[in-house]
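**Q** Below is the file coords.cif, which contains mmCIF, C-alpha atoms.
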```cif
data_my_file
#
loop_
_atom_site.group_PDB
_atom_site.id
_atom_site.type_symbol
_atom_site.label_atom_id
_atom_site.label_comp_id
_atom_site.auth_asym_id
_atom_site.auth_seq_id
_atom_site.Cartn_x
_atom_site.Cartn_y
_atom_site.Cartn_z
ATOM 1 C CA ASP A 209 -3.453 -6.474 -13.482
ATOM 2 C CA ALA A 210 -6.855 -7.967 -12.706
ATOM 3 C CA LYS A 211 -9.397 -5.623 -11.190
ATOM 4 C CA THR A 212 -10.969 -6.370 -7.824
ATOM 5 C CA THR A 213 -14.410 -5.589 -6.396
ATOM 6 C CA GLN A 214 -15.042 -5.229 -2.669
ATOM 7 C CA PRO A 215 -18.037 -4.053 -0.640
ATOM 8 C CA PRO A 216 -17.472 -0.497 0.580
ATOM 9 C CA SER A 217 -18.176 -1.264 4.225
ATOM 10 C CA MET A 218 -18.870 -4.066 6.683
ATOM 11 C CA ASP A 219 -19.635 -4.347 10.378
ATOM 12 C CA CYS A 220 -18.522 -7.035 12.792
ATOM 13 C CA ALA A 221 -19.049 -7.639 16.491
ATOM 14 C CA GLU A 222 -15.947 -7.899 18.631
ATOM 15 C CA GLY A 223 -14.890 -11.510 19.139
ATOM 16 C CA ARG A 224 -16.736 -12.743 16.081
ATOM 17 C CA ALA A 225 -15.171 -13.754 12.780
ATOM 18 C CA ALA A 226 -14.952 -11.071 10.123
ATOM 19 C CA ASN A 227 -15.286 -12.401 6.581
ATOM 20 C CA LEU A 228 -14.267 -9.903 3.921
ATOM 21 C CA PRO A 229 -15.103 -10.872 0.322
ATOM 22 C CA CYS A 230 -13.305 -9.906 -2.856
ATOM 23 C CA ASN A 231 -14.209 -10.610 -6.461
ATOM 24 C CA HIS A 232 -11.455 -10.878 -9.061
ATOM 25 C CA SER A 233 -13.149 -12.603 -11.976
ATOM 26 C CA THR A 234 -10.479 -11.571 -14.519
ATOM 27 C CA ILE A 235 -7.552 -12.962 -12.551
ATOM 28 C CA SER A 236 -4.956 -14.726 -14.667
ATOM 29 C CA GLY A 237 -3.026 -17.873 -13.886
ATOM 30 C CA ASN A 238 0.125 -16.248 -12.535
ATOM 31 C CA GLU A 239 -1.562 -13.600 -10.421
ATOM 32 C CA TYR A 240 -1.610 -13.735 -6.652
ATOM 33 C CA VAL A 241 -4.226 -12.295 -4.329
ATOM 34 C CA TYR A 242 -2.766 -9.892 -1.768
ATOM 35 C CA TRP A 243 -4.503 -8.336 1.229
ATOM 36 C CA TYR A 244 -3.386 -5.184 2.965
ATOM 37 C CA ARG A 245 -5.097 -3.102 5.602
ATOM 38 C CA GLN A 246 -4.844 0.525 6.589
ATOM 39 C CA ILE A 247 -5.652 1.570 10.110
ATOM 40 C CA HIS A 248 -6.732 5.177 10.338
ATOM 41 C CA SER A 249 -3.976 7.613 9.358
ATOM 42 C CA GLN A 250 -1.299 4.931 9.187
ATOM 43 C CA GLY A 251 0.539 3.393 6.250
ATOM 44 C CA PRO A 252 -0.919 0.196 4.778
ATOM 45 C CA GLN A 253 0.123 -3.066 6.389
ATOM 46 C CA TYR A 254 0.597 -6.356 4.587
ATOM 47 C CA ILE A 255 -1.689 -9.148 5.873
ATOM 48 C CA ILE A 256 -1.467 -12.208 3.655
ATOM 49 C CA HIS A 257 -1.278 -13.411 0.072
ATOM 50 C CA GLY A 258 -2.058 -16.595 -1.870
ATOM 51 C CA LEU A 259 -2.182 -18.135 -5.324
ATOM 52 C CA LYS A 260 -4.738 -20.942 -5.245
ATOM 53 C CA ASN A 261 -4.389 -22.761 -1.954
ATOM 54 C CA ASN A 262 -5.878 -21.493 1.263
ATOM 55 C CA GLU A 263 -3.350 -19.676 3.411
ATOM 56 C CA THR A 264 -3.174 -18.902 7.124
ATOM 57 C CA ASN A 265 -0.834 -16.834 9.205
ATOM 58 C CA GLU A 266 -0.901 -15.241 12.626
ATOM 59 C CA MET A 267 -3.110 -12.410 11.408
ATOM 60 C CA ALA A 268 -5.690 -14.001 9.144
ATOM 61 C CA SER A 269 -6.785 -16.761 6.784
ATOM 62 C CA LEU A 270 -7.266 -16.436 3.058
ATOM 63 C CA ILE A 271 -9.754 -18.656 1.272
ATOM 64 C CA ILE A 272 -9.555 -18.659 -2.530
ATOM 65 C CA THR A 273 -12.296 -20.353 -4.556
ATOM 66 C CA GLU A 274 -11.355 -23.225 -6.824
ATOM 67 C CA ASP A 275 -11.928 -21.131 -9.958
ATOM 68 C CA ARG A 276 -9.883 -18.308 -8.328
ATOM 69 C CA LYS A 277 -12.487 -15.729 -9.270
ATOM 70 C CA SER A 278 -13.114 -14.705 -5.686
ATOM 71 C CA SER A 279 -11.556 -14.890 -2.256
ATOM 72 C CA THR A 280 -12.397 -14.210 1.385
ATOM 73 C CA LEU A 281 -10.168 -12.794 4.070
ATOM 74 C CA ILE A 282 -11.066 -14.137 7.478
ATOM 75 C CA LEU A 283 -10.162 -12.486 10.767
ATOM 76 C CA PRO A 284 -11.133 -15.298 13.142
ATOM 77 C CA HIS A 285 -11.699 -13.268 16.303
ATOM 78 C CA ALA A 286 -12.044 -9.614 15.389
ATOM 79 C CA THR A 287 -10.938 -7.016 17.916
ATOM 80 C CA LEU A 288 -11.543 -3.277 18.044
ATOM 81 C CA ARG A 289 -7.997 -2.809 16.734
ATOM 82 C CA ASP A 290 -8.992 -4.590 13.511
ATOM 83 C CA THR A 291 -11.152 -1.612 12.532
ATOM 84 C CA ALA A 292 -9.504 -0.503 9.287
ATOM 85 C CA VAL A 293 -9.827 -0.318 5.516
ATOM 86 C CA TYR A 294 -8.973 -3.660 3.921
ATOM 87 C CA TYR A 295 -7.594 -3.745 0.387
ATOM 88 C CA CYS A 296 -7.712 -6.774 -1.884
ATOM 89 C CA ILE A 297 -5.107 -6.556 -4.669
ATOM 90 C CA VAL A 298 -4.332 -8.952 -7.483
ATOM 91 C CA ARG A 299 -0.779 -8.913 -8.748
ATOM 92 C CA ALA A 300 1.761 -11.093 -10.448
ATOM 93 C CA ARG A 301 4.477 -12.176 -8.074
ATOM 94 C CA GLY A 302 8.048 -13.254 -8.427
ATOM 95 C CA GLY A 303 10.848 -12.567 -10.810
ATOM 96 C CA THR A 304 13.395 -9.828 -10.446
ATOM 97 C CA GLY A 305 11.129 -6.918 -11.270
ATOM 98 C CA PHE A 306 9.471 -4.474 -8.943
ATOM 99 C CA GLN A 307 5.884 -4.940 -7.846
ATOM 100 C CA LYS A 308 3.402 -2.183 -8.389
ATOM 101 C CA LEU A 309 0.316 -2.440 -6.216
ATOM 102 C CA VAL A 310 -2.932 -0.952 -7.476
ATOM 103 C CA PHE A 311 -5.072 0.026 -4.508
ATOM 104 C CA GLY A 312 -8.819 0.371 -4.947
ATOM 105 C CA THR A 313 -11.029 1.951 -2.313
ATOM 106 C CA GLY A 314 -11.197 -1.245 -0.214
ATOM 107 C CA THR A 315 -13.689 -2.347 2.447
ATOM 108 C CA ARG A 316 -14.061 -0.268 5.584
ATOM 109 C CA LEU A 317 -14.469 -2.761 8.439
ATOM 110 C CA LEU A 318 -15.946 -1.459 11.675
ATOM 111 C CA VAL A 319 -15.584 -3.749 14.675
ATOM 112 C CA SER A 320 -17.974 -2.822 17.472
ATOM 113 C CA PRO A 321 -18.062 -3.857 21.147
ATOM 114 C CA ASN B 155 14.955 -2.042 12.792
ATOM 115 C CA ALA B 156 13.059 1.172 12.193
ATOM 116 C CA GLY B 157 11.621 -0.130 8.921
ATOM 117 C CA VAL B 158 10.563 2.748 6.659
ATOM 118 C CA THR B 159 10.884 6.258 8.051
ATOM 119 C CA GLN B 160 9.571 9.481 6.551
ATOM 120 C CA THR B 161 10.234 13.115 7.307
ATOM 121 C CA PRO B 162 8.567 15.443 7.950
ATOM 122 C CA LYS B 163 5.348 14.087 9.461
ATOM 123 C CA PHE B 164 3.418 17.269 8.698
ATOM 124 C CA GLN B 165 4.041 20.207 6.382
ATOM 125 C CA VAL B 166 2.132 23.288 5.293
ATOM 126 C CA LEU B 167 3.233 25.065 2.133
ATOM 127 C CA LYS B 168 2.062 28.064 0.196
ATOM 128 C CA THR B 169 1.297 27.717 -3.484
ATOM 129 C CA GLY B 170 4.505 27.880 -5.492
ATOM 130 C CA GLN B 171 6.829 26.861 -2.686
ATOM 131 C CA SER B 172 9.089 23.858 -3.071
ATOM 132 C CA MET B 173 9.970 21.082 -0.677
ATOM 133 C CA THR B 174 11.484 17.618 -0.509
ATOM 134 C CA LEU B 175 9.959 14.673 1.315
ATOM 135 C CA GLN B 176 12.520 12.257 2.665
ATOM 136 C CA CYS B 177 12.222 8.488 2.942
ATOM 137 C CA ALA B 178 14.685 5.933 4.255
ATOM 138 C CA GLN B 179 14.526 2.178 4.820
ATOM 139 C CA ASP B 180 16.855 -0.064 6.784
ATOM 140 C CA MET B 181 15.700 -3.429 5.407
ATOM 141 C CA ASN B 182 18.189 -3.496 2.508
ATOM 142 C CA HIS B 183 15.322 -3.529 0.007
ATOM 143 C CA ASN B 184 16.028 -2.859 -3.628
ATOM 144 C CA SER B 185 12.672 -1.336 -4.606
ATOM 145 C CA MET B 186 11.144 1.838 -3.223
ATOM 146 C CA TYR B 187 7.911 3.678 -3.982
ATOM 147 C CA TRP B 188 6.092 6.950 -3.435
ATOM 148 C CA TYR B 189 2.295 7.014 -3.181
ATOM 149 C CA ARG B 190 -0.238 9.711 -2.482
ATOM 150 C CA GLN B 191 -3.594 9.213 -0.807
ATOM 151 C CA ASP B 192 -6.387 11.739 -1.081
ATOM 152 C CA PRO B 193 -9.306 11.705 1.396
ATOM 153 C CA GLY B 194 -11.547 8.675 0.963
ATOM 154 C CA MET B 195 -9.401 7.264 -1.813
ATOM 155 C CA GLY B 196 -6.981 4.421 -2.233
ATOM 156 C CA LEU B 197 -3.267 4.963 -2.741
ATOM 157 C CA ARG B 198 -1.956 6.067 -6.126
ATOM 158 C CA LEU B 199 1.601 5.457 -7.249
ATOM 159 C CA ILE B 200 3.581 8.610 -8.043
ATOM 160 C CA TYR B 201 7.067 7.268 -8.788
ATOM 161 C CA TYR B 202 8.989 4.143 -8.039
ATOM 162 C CA SER B 203 12.564 2.934 -8.070
ATOM 163 C CA ALA B 204 12.930 -0.726 -8.963
ATOM 164 C CA SER B 205 16.559 -0.699 -7.892
ATOM 165 C CA GLU B 206 19.299 1.739 -6.945
ATOM 166 C CA GLY B 207 20.057 4.019 -9.872
ATOM 167 C CA THR B 208 16.684 3.671 -11.593
ATOM 168 C CA THR B 209 13.444 5.596 -11.270
ATOM 169 C CA ASP B 210 10.201 5.428 -13.238
ATOM 170 C CA LYS B 211 6.878 7.212 -13.389
ATOM 171 C CA GLY B 212 3.793 5.751 -11.796
ATOM 172 C CA GLU B 213 0.150 6.697 -12.283
ATOM 173 C CA VAL B 214 0.317 10.353 -11.189
ATOM 174 C CA PRO B 215 3.878 11.728 -11.677
ATOM 175 C CA ASN B 216 3.054 15.257 -12.863
ATOM 176 C CA GLY B 217 4.373 17.956 -10.557
ATOM 177 C CA TYR B 218 6.870 15.665 -8.821
ATOM 178 C CA ASN B 219 10.470 14.572 -9.173
ATOM 179 C CA VAL B 220 12.337 11.856 -7.323
ATOM 180 C CA SER B 221 15.896 10.943 -6.459
ATOM 181 C CA ARG B 222 17.171 7.535 -5.423
ATOM 182 C CA LEU B 223 20.081 8.861 -3.418
ATOM 183 C CA ASN B 224 21.402 5.425 -2.491
ATOM 184 C CA LYS B 225 19.929 2.038 -1.685
ATOM 185 C CA ARG B 226 18.425 3.315 1.576
ATOM 186 C CA GLU B 227 17.010 6.670 0.572
ATOM 187 C CA PHE B 228 14.359 7.785 -1.921
ATOM 188 C CA SER B 229 13.226 11.418 -1.904
ATOM 189 C CA LEU B 230 10.212 13.103 -3.483
ATOM 190 C CA ARG B 231 10.417 16.740 -4.551
ATOM 191 C CA LEU B 232 7.648 19.212 -5.253
ATOM 192 C CA GLU B 233 9.209 22.030 -7.281
ATOM 193 C CA SER B 234 6.206 24.366 -7.238
ATOM 194 C CA ALA B 235 3.502 23.169 -4.899
ATOM 195 C CA ALA B 236 -0.167 23.454 -5.889
ATOM 196 C CA PRO B 237 -3.316 23.037 -3.761
ATOM 197 C CA SER B 238 -4.094 19.869 -5.768
ATOM 198 C CA GLN B 239 -1.028 18.308 -4.175
ATOM 199 C CA THR B 240 -2.573 18.487 -0.728
ATOM 200 C CA SER B 241 -2.526 14.851 0.295
ATOM 201 C CA VAL B 242 -0.933 12.236 2.505
ATOM 202 C CA TYR B 243 2.264 10.864 1.018
ATOM 203 C CA PHE B 244 3.462 7.351 1.761
ATOM 204 C CA CYS B 245 6.811 5.837 0.998
ATOM 205 C CA ALA B 246 7.226 2.068 0.732
ATOM 206 C CA SER B 247 9.926 -0.478 0.046
ATOM 207 C CA SER B 248 10.031 -4.088 -1.030
ATOM 208 C CA GLU B 249 12.450 -6.790 -2.051
ATOM 209 C CA PRO B 250 11.757 -8.533 -5.357
ATOM 210 C CA GLY B 251 12.023 -12.275 -5.088
ATOM 211 C CA GLN B 252 11.265 -12.309 -1.354
ATOM 212 C CA GLY B 253 7.501 -12.290 -1.600
ATOM 213 C CA ASN B 254 7.724 -8.647 -2.568
ATOM 214 C CA GLU B 255 5.393 -7.529 0.179
ATOM 215 C CA GLN B 256 5.615 -3.777 0.475
ATOM 216 C CA PHE B 257 6.423 -2.137 3.783
ATOM 217 C CA PHE B 258 5.040 1.348 4.280
ATOM 218 C CA GLY B 259 6.192 4.356 6.224
ATOM 219 C CA PRO B 260 3.930 6.391 8.543
ATOM 220 C CA GLY B 261 3.179 9.060 5.940
ATOM 221 C CA THR B 262 3.667 12.800 5.491
ATOM 222 C CA ARG B 263 0.585 14.987 5.672
ATOM 223 C CA LEU B 264 1.028 17.888 3.281
ATOM 224 C CA THR B 265 -1.270 20.879 2.978
ATOM 225 C CA VAL B 266 -0.773 23.421 0.198
ATOM 226 C CA LEU B 267 -2.583 26.705 0.737
#
```
Could you take the file, read its structure, and then write that structure out as structure tokens?

**A**
Amino acid sequence: DAKTTQPPSMDCAEGRAANLPCNHSTISGNEYVYWYRQIHSQGPQYIIHGLKNNETNEMASLIITEDRKSSTLILPHATLRDTAVYYCIVRARGGTGFQKLVFGTGTRLLVSP
Amino acid sequence: NAGVTQTPKFQVLKTGQSMTLQCAQDMNHNSMYWYRQDPGMGLRLIYYSASEGTTDKGEVPNGYNVSRLNKREFSLRLESAAPSQTSVYFCASSEPGQGNEQFFGPGTRLTVL
């Protein structure tokens, strides 16, 4: 699995967009980019994933560069409840096999009033 | 749907004691996982079960055993607890071929004295 690099921490003002970067320069053609977050003391929560096109759901948007070596998770209007550790994970998807996720240390996002 | 449930929520053991952590999911997922998370760290995979009847070692299996009791339940056993096993334990499940996003339980906080 490709390794990812994320900044250890970021701050964001409530109501503003939070843009969380992730570098995955060794990503291979069949590997997807997954984002999870972990709110304090809770189990991780799936946010979004993508292969090469930009993706959007009710929680966030995922922008993947054309060369797929980096991506950005965007929380368009951050709230205090978005304070969490955000994990960027690169993993092959599909097939009938299980999916192991390799969690790094992620980015600790602090949303302030 | 309860999703993924774990029992107990908290546990304190003495060194050398044994215990079993229970996990159940009601989403009819084939794959289940056990992770541990130490303070300030990401999650590390202990064991996983790709499907009912199979189990395999993850990154940090030493000191643990697992049982995939049926499709719903996946238990983690510590035969002789050690202080190094003090951690938060998360169970997760996923369904290969359906995006394979993992759904996590609330965690069990284990302290070994």

**Q** Check what the PyMOL selection byres ((chain B) within 12 of (chain A)) selects in the file above and give those residues as a VMD selection string.

**A** chain B and resid 157 to 160 163 183 to 206 208 to 213 241 to 263

**Q** Can you measure atom CA of B:Gln176 to atom CA of B:Gly207 for me? One decimal in Å is fine.

**A** 16.8 Å

**Q** In terms of the shortest atom-to-atom distance over all atoms listed in the file, which of A:Lys211, A:Lys260, A:Arg289, A:Arg316 is closest to A:Ile235?

**A** A:Lys211

**Q** When you look at A:Ala300 with a cut-off of 7 Å (counting only C-alpha atoms), what residues show up, excluding the ones that are within fewer than 5 positions of it in the same chain? I need them as a PyMOL selection string.

**A** chain A and resi 238-240

**Q** Nearest to B:Leu175: which of B:Ala156, B:Val266, B:Val220, B:Val214 is it, counting only C-alpha atoms?

**A**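 Between B:Ala156, B:Val266, B:Val220, B:Val214, the residue approaching B:Leu175 most closely is B:Val220.
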
**Q** With a distance cut-off of 7 Å and only C-alpha atoms, select the neighbouring residues of B:Phe228, excluding the residue or stretch itself and same-chain residues fewer than 5 positions from it, and output the selection as a ChimeraX atom specification.

**A** /B:176-178,186,221-223

**Q** What lies within 12 Å of B:Ala236 using only C-alpha atoms, ignoring chain neighbours under 2 positions off, as a PyMOL selection string?

**A** chain B and resi 166-173+216-218+232-234+238-241+264-267

**Q** Could you tell me how far atom CA of A:Ser279 lies from atom CA of A:Ala292, in Å and to one decimal?

**A**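 Pair atom CA of A:Ser279 / atom CA of A:Ala292 returns 18.6 Å.
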
**Q** One decimal, Å: what's the distance from atom CA of A:Ile247 over to atom CA of B:Gln165, could you say?

**A**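 Atom-to-atom, atom CA of A:Ile247 to atom CA of B:Gln165, that is 21.3 Å.
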
**Q** Please provide as JSON, numbers by chain all residues within 6 Å of A:Ile282, with the sequence filter that same-chain residues fewer than 5 positions apart are discarded (counting only C-alpha atoms).

**A** {"A": [226, 227, 268, 269]}

**Q** Generate the coordinates of N, CA and C atoms for stretch 310-321 of chain A; report them as a PDB file, in the frame of the given file.

**A**
```
ATOM      1  N   VAL A 310      -1.852  -1.860  -7.106  1.00  0.00           N
ATOM      2  CA  VAL A 310      -2.932  -0.952  -7.476  1.00  0.00           C
ATOM      3  C   VAL A 310      -4.004  -1.054  -6.398  1.00  0.00           C
ATOM      4  N   PHE A 311      -4.119   0.000  -5.612  1.00  0.00           N
ATOM      5  CA  PHE A 311      -5.072   0.026  -4.508  1.00  0.00           C
ATOM      6  C   PHE A 311      -6.407   0.553  -5.000  1.00  0.00           C
ATOM      7  N   GLY A 312      -7.490  -0.179  -4.711  1.00  0.00           N
ATOM      8  CA  GLY A 312      -8.819   0.371  -4.947  1.00  0.00           C
ATOM      9  C   GLY A 312      -9.243   1.158  -3.724  1.00  0.00           C
ATOM     10  N   THR A 313     -10.540   1.226  -3.483  1.00  0.00           N
ATOM     11  CA  THR A 313     -11.029   1.951  -2.313  1.00  0.00           C
ATOM     12  C   THR A 313     -11.251   1.028  -1.126  1.00  0.00           C
ATOM     13  N   GLY A 314     -11.172  -0.305  -1.315  1.00  0.00           N
ATOM     14  CA  GLY A 314     -11.197  -1.245  -0.214  1.00  0.00           C
ATOM     15  C   GLY A 314     -12.530  -1.363   0.492  1.00  0.00           C
ATOM     16  N   THR A 315     -12.526  -2.157   1.570  1.00  0.00           N
ATOM     17  CA  THR A 315     -13.689  -2.347   2.447  1.00  0.00           C
ATOM     18  C   THR A 315     -13.373  -1.747   3.805  1.00  0.00           C
ATOM     19  N   ARG A 316     -14.226  -0.856   4.246  1.00  0.00           N
ATOM     20  CA  ARG A 316     -14.061  -0.268   5.584  1.00  0.00           C
ATOM     21  C   ARG A 316     -14.744  -1.186   6.583  1.00  0.00           C
ATOM     22  N   LEU A 317     -13.947  -1.854   7.421  1.00  0.00           N
ATOM     23  CA  LEU A 317     -14.469  -2.761   8.439  1.00  0.00           C
ATOM     24  C   LEU A 317     -14.561  -2.029   9.772  1.00  0.00           C
ATOM     25  N   LEU A 318     -15.735  -2.051  10.355  1.00  0.00           N
ATOM     26  CA  LEU A 318     -15.946  -1.459  11.675  1.00  0.00           C
ATOM     27  C   LEU A 318     -16.251  -2.587  12.649  1.00  0.00           C
ATOM     28  N   VAL A 319     -15.379  -2.752  13.632  1.00  0.00           N
ATOM     29  CA  VAL A 319     -15.584  -3.749  14.675  1.00  0.00           C
ATOM     30  C   VAL A 319     -16.137  -3.023  15.898  1.00  0.00           C
ATOM     31  N   SER A 320     -17.294  -3.492  16.355  1.00  0.00           N
ATOM     32  CA  SER A 320     -17.974  -2.822  17.472  1.00  0.00           C
ATOM     33  C   SER A 320     -18.006  -3.709  18.708  1.00  0.00           C
ATOM     34  N   PRO A 321     -18.023  -3.074  19.888  1.00  0.00           N
ATOM     35  CA  PRO A 321     -18.062  -3.857  21.147  1.00  0.00           C
ATOM     36  C   PRO A 321     -19.330  -4.680  21.256  1.00  0.00           C
TER      37      PRO A 321
END
```
